[in-house]
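Comments concern the structure below.
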Amino acid sequence: MDEEPERAKRWEGGYERTWEVLKEDESGSLKATVEDILFQAKRKRVFEGHGQVRLGMMRHLFVIIDSSRSMEDQDLKPNRLTSTLKLMEFFVEEYFDQNPISQIGIITTKNKRAEKLTDLAGNPKKHLAALKKVVDSTCVGEPSLYNSLNCVALPSGTEIKEILVIFSSLTTCDPANIYELIKTLNALKIRVSVIGLSAEVRVCTILTRETGGSYNVILDESHFKELLMLHVKPPPASSSSECSLIRMGFPQHVIASMSDQDAKPSFSMSHLDSTGEPGLTLGGYYCPQCRAKYTELPVECKVCGLTLVSAPHLARSFHHLFPLEAFQETPLEEYEGERFCEACQGELKDKSVFTCLACKKVFCVECDLFIHDTLHCCPGCMQTDRTS
Amino acid sequence: MKLNIDGLLVCFPYDYIYPEQYSYMLELKRTLDAKGHGVLEMPSGTGKTISLLSLIVAYQKAYPLEVTKLIYCSRTVPEIEKVVEELKKLMDYYTKQTEAKNDFLALALSSRKNLCIHPEVSSLRFGKEVDGKCHSLTASYIRAQHHCNPSQPVCQFYEEFDAVGRQVLIPPGIYNLNDLKDFGRRKGWCPYFLARSSILHANIVVYSYNYLLDPKIADLVSKELAKKSVVVFDEAHNIDNVCIDSMSVNITRRTLDRCQTNVETLQNTISRIKETDAAKLQEEYRRLVEGLTEANVARETDMYLSNPVLPDEILQEAVPGSIRTAEHFVGFMKRFLEYLKARLRIHHVVQESTPQFLKDIYEKVCIDRKPLRFCAERLRSLLRTLEIADIADFSAITLISHFATLVSTYNKGFTIIIEPFEDRTPTIANPVLHFSCMDPSIAIKPVFGRFQSVIITSGTLSPLDIYPRILDFRPVTVASFTMTLARTCLCPLIVGRGNDQVAMTSKFETREDFAVIRNYGNLLLEMSAIVPDGIVAFFTSYIYMENIVASWYEQGILENIQRNKLIFIETQDAAETSMALMLNKNKISANGVRNIILIKCKRLFISFSFQPPVHHYGRAVIVFGVPYVYTQSRILKARLEYLRDQFQIRENDFLTFDAMRHAAQCVGRAIRGKTDYGLMIFADKRYARADKRGKLPRWIQEHLTDGSLNLTIDETVQLGKHFLRQMAQPFRQEDQLGLSLLTLEQLQSEDMLQKIAQIAQA
């Protein structure tokens, strides 16, 4: 258990052969395990992010969730569908956290049909509510990749257009030749990525290869989460796409003070189509162009079409543009110095250690990943900054 | 890259090399140095062909006097084309490296059907028709007639070739079948005859097994090939069966009827010629008296590949008087025919040895052994003299004459079995005379005897020691190579029980058992739900397959499987199956994911032409049952007996060997290269036994852990799921580098060389 704490509990992991993980490799390095390769890939990801690349910040993403018969399989607990939806909720939150000016839409497919759950929108609440509703639905029939890809209606423009398919079945029921559709998607510059829940399927390989997306198959639940989180980060913009200026409004939050006698509660524009909660509020965000009122940001103004964001939102996606530089990797044997990690203070046990190029502090693998993926700034450098 | 193999500079046309390829070349070099024969086993998809070609070509370039020619034998036309393709790559690399003009001549040779460019002839559908038609246009006397009577049609391509092409050497280069055709069209020469005459001075010849092993064809084509050649038999795992087939003769009543017509035609022709041109027959008679001295001289001076149908004894003697004149010979054939007819009129099975048969024939119709022996040679001479155009019509009588010669020449190694009916239809009389060869070494002996080095290689040759024994030769190198892998991309599993713990086996006693059939069905059903894309399922025989599929249908299992995958069931007709696959190909690719299960039968080798064309067609291969041969067959029984008496190979050993090599062939389809991956499922409890497991090739065996023996279905599903997920992880070339893929620098490092030394295992 100690080697892999991030994994699910043993008894949840299905039919595993724990003794095989520990197997001594008698012929030297001939049988490198898949996990080793995966680890290398993980490291590589960190590096890849660090070129001077332009990132597509205005993302339009459609997520297609397979909810066919095969989603009832219980190899993810309690079953694939529930597990997927739970992770999706997490994904949606994280997505808007990291990409505050992007939008998402959700499609499900089952019984040879595709159903649009939510349209493209920038508000996480609506998506979360829709996802919660799906949990109770039954999984029947076959999915249809063709229909669901056809269902995607992405606005034309220069934004980054993506589709993420979470695909559990090994088959798809298509009314027409899917390879034609793939060509169309490619022409529209829509990037399709697939996360497979069972095994590598040929048509998905072709789909992702042709459209420039990524194709991954999960190993277990934690790996699934990892793969989903990969899609949180904005992808590099293709060089052909033009830079464009976008008009944005930064509305201020106005709270009418209780002392002000003129203050009257009013409806927000976003309540026009939702009938749920009572909508009368005192304060809110007012569109700088047309004075329409909204209670939440980010949103696209229903009246004048202006994108309304708040400054902190934009600032949050700032780190994507100036990422922390990669740490230098050195084998443990060559490293001379105190053998503990600057961040977690633990002993350095792994094959290699990581040195920050700016402050020369040393970190372990886990901390290296944590710093680059989550913190986005080097704790060592922060310390020296303060002291100097 | 340029390699140093034991002091020999080898140009290898790729930037990377697998360690086992290097090791393979080392062993091959040793074999060539020793001028001996070799048996080499290397897994499919590890680049056998290119390793063979690059080493032997390098050897030829370095020691042009030691090895003059490479004769590369493969099984099918597509395989031949593939070899030539690799060769082209190699030669391109050579030209790039040395910048000298290529002086190598390499060509592929195939039948007239694949090479003919005559507009009428090439449009015929069957090989036999093409051969016959071609012969009727190019035979010498036809052409002679054409001289006096220009209306007689001849093939202008052959005429052109004969007039000009024979003297001119074909320019050096690499020619596949289409290149030859193009060249022929450009020059107006017949590509088939051009290729046949060119193989004598070509450096590399690529053709099919039969050109060397079948005595009838070898005599025409390969007779004059140089002694200092290296012969390679690729995909040679069933070379013994090819040898046996080339020497065996099956005679049915239809053959005899056709033969009867042949004899009548002969007789008419003879009487006609006698009236018009008696001198011709006289001339032939004179020649026959002189005997076959010419052939004898040639054999003594070791110019030709010897021919098992033309035994040494008859070369020293003149054709016996009793069959020297044409009429007498025809009479003789008639008598022989009548005797055979009488023998086929039986109601019980007869099995006898060749001496018994000869004694019987002597007693009944007073045919001596000696004239029988000359039969084949005499008929050939007669057909030549009578100037009969369409040889194809005379296949029946040629067959009978071959039978006569063989039966009187060999005391050992053959058996005669006369069956009044087929086993499957015991009520319908359909008498067959099987003249069955039991000793594969008879057909291949001239090849081993004549050529300096013969290399037998395939992906599955285990156990290695059995091939030298049944083919009767002494190899200098026997080696099996493993596949070095960066990830374990094959997953052999032995499924022994169903979920209800009932043993799964195709053993004769339990094969009709309801529980076994149901469990087999459940296995396929469960696998179809977890394996992406294609599954190939093999059965041990057509009958068994039909039974099982029928009862699956009744139990509704088939319907459930069809919810996951389309199903194709192979029929006995290979053409029909491939047609069905072709027609549905669009459907398959259009439906993309909803892929296929192929249900196939393994026993009949001929029908096994289907190779999964792309990786994803065989993500899992399931072998239902152990593919034992039909042990009740009399031919097999006789062969087993012979093996026991002559080679001290026990029946059971041979049967298991044969079954396991077929099973290994089946599952070998799962892996088509190092980046490919696949499940190999052996669905029979008996595979777990040491005697069966031990006969699998080493590269499969080493991945077969104790944990994957005798599994239940759900254990298999779990393991399979895990394996498929692992394999679906991104895998790039860099991951292989240094482990299973080497650059030149990595290859030269010390410890890598040590590791390579361990790969080959005798």
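Within each chain, counting starts at residue 1; across the structure tokens, chains are named A, B, ... in the order shown, with ligands numbered 1 upward in that order.
Shell of A:Val232 at 8 Å, with only C-alpha atoms counted and residues fewer than 6 places along the chain excluded, is Phe91, Glu94, Tyr95, Gln98 and Asn99 of chain A.
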Can I get the selected residues back with C-alpha atoms, as a CSV table (one decimal), in the first residue's frame?
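Once written, out-v7.csv looks like this:
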```
chain,number,residue,atom,x,y,z
A,91,PHE,CA,-14.1,18.6,-13.5
A,94,GLU,CA,-12.1,23.0,-11.8
A,95,TYR,CA,-12.6,23.9,-15.4
A,98,GLN,CA,-8.9,27.6,-14.3
A,99,ASN,CA,-10.6,28.9,-17.4
```
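With only C-alpha atoms taken into account, the protein and nucleic acid residues at most 8 Å from A:Phe340 (excluding it and anything under 3 positions from it in its own chain) are Gln345, Gly346, Glu347, Leu348, Val362 and Phe363 of chain A.
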- Message: Need to verify the contact set: B:Ala663, 10 Å, only C-alpha atoms, exclusion of same-chain residues closer than 6 positions in sequence. Can you return it as a list in words?
- Response: Thr460, Phe538, Phe539, Thr540, Lys602, Arg603, Ile622, Val623, Phe624, Gly625, Val626, Pro627, Tyr628, Phe657, Phe682, Tyr687 and Leu696 of chain B
- Tell me, in Å to one decimal, how far atom CA of B:Leu9 is from atom CA of B:Leu55. 8.8 Å
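Distances here use only C-alpha atoms; by that measure, the residue among B:Ile71, B:Val365, B:Leu383, B:Val77 closest to B:Lys228 is B:Ile71.
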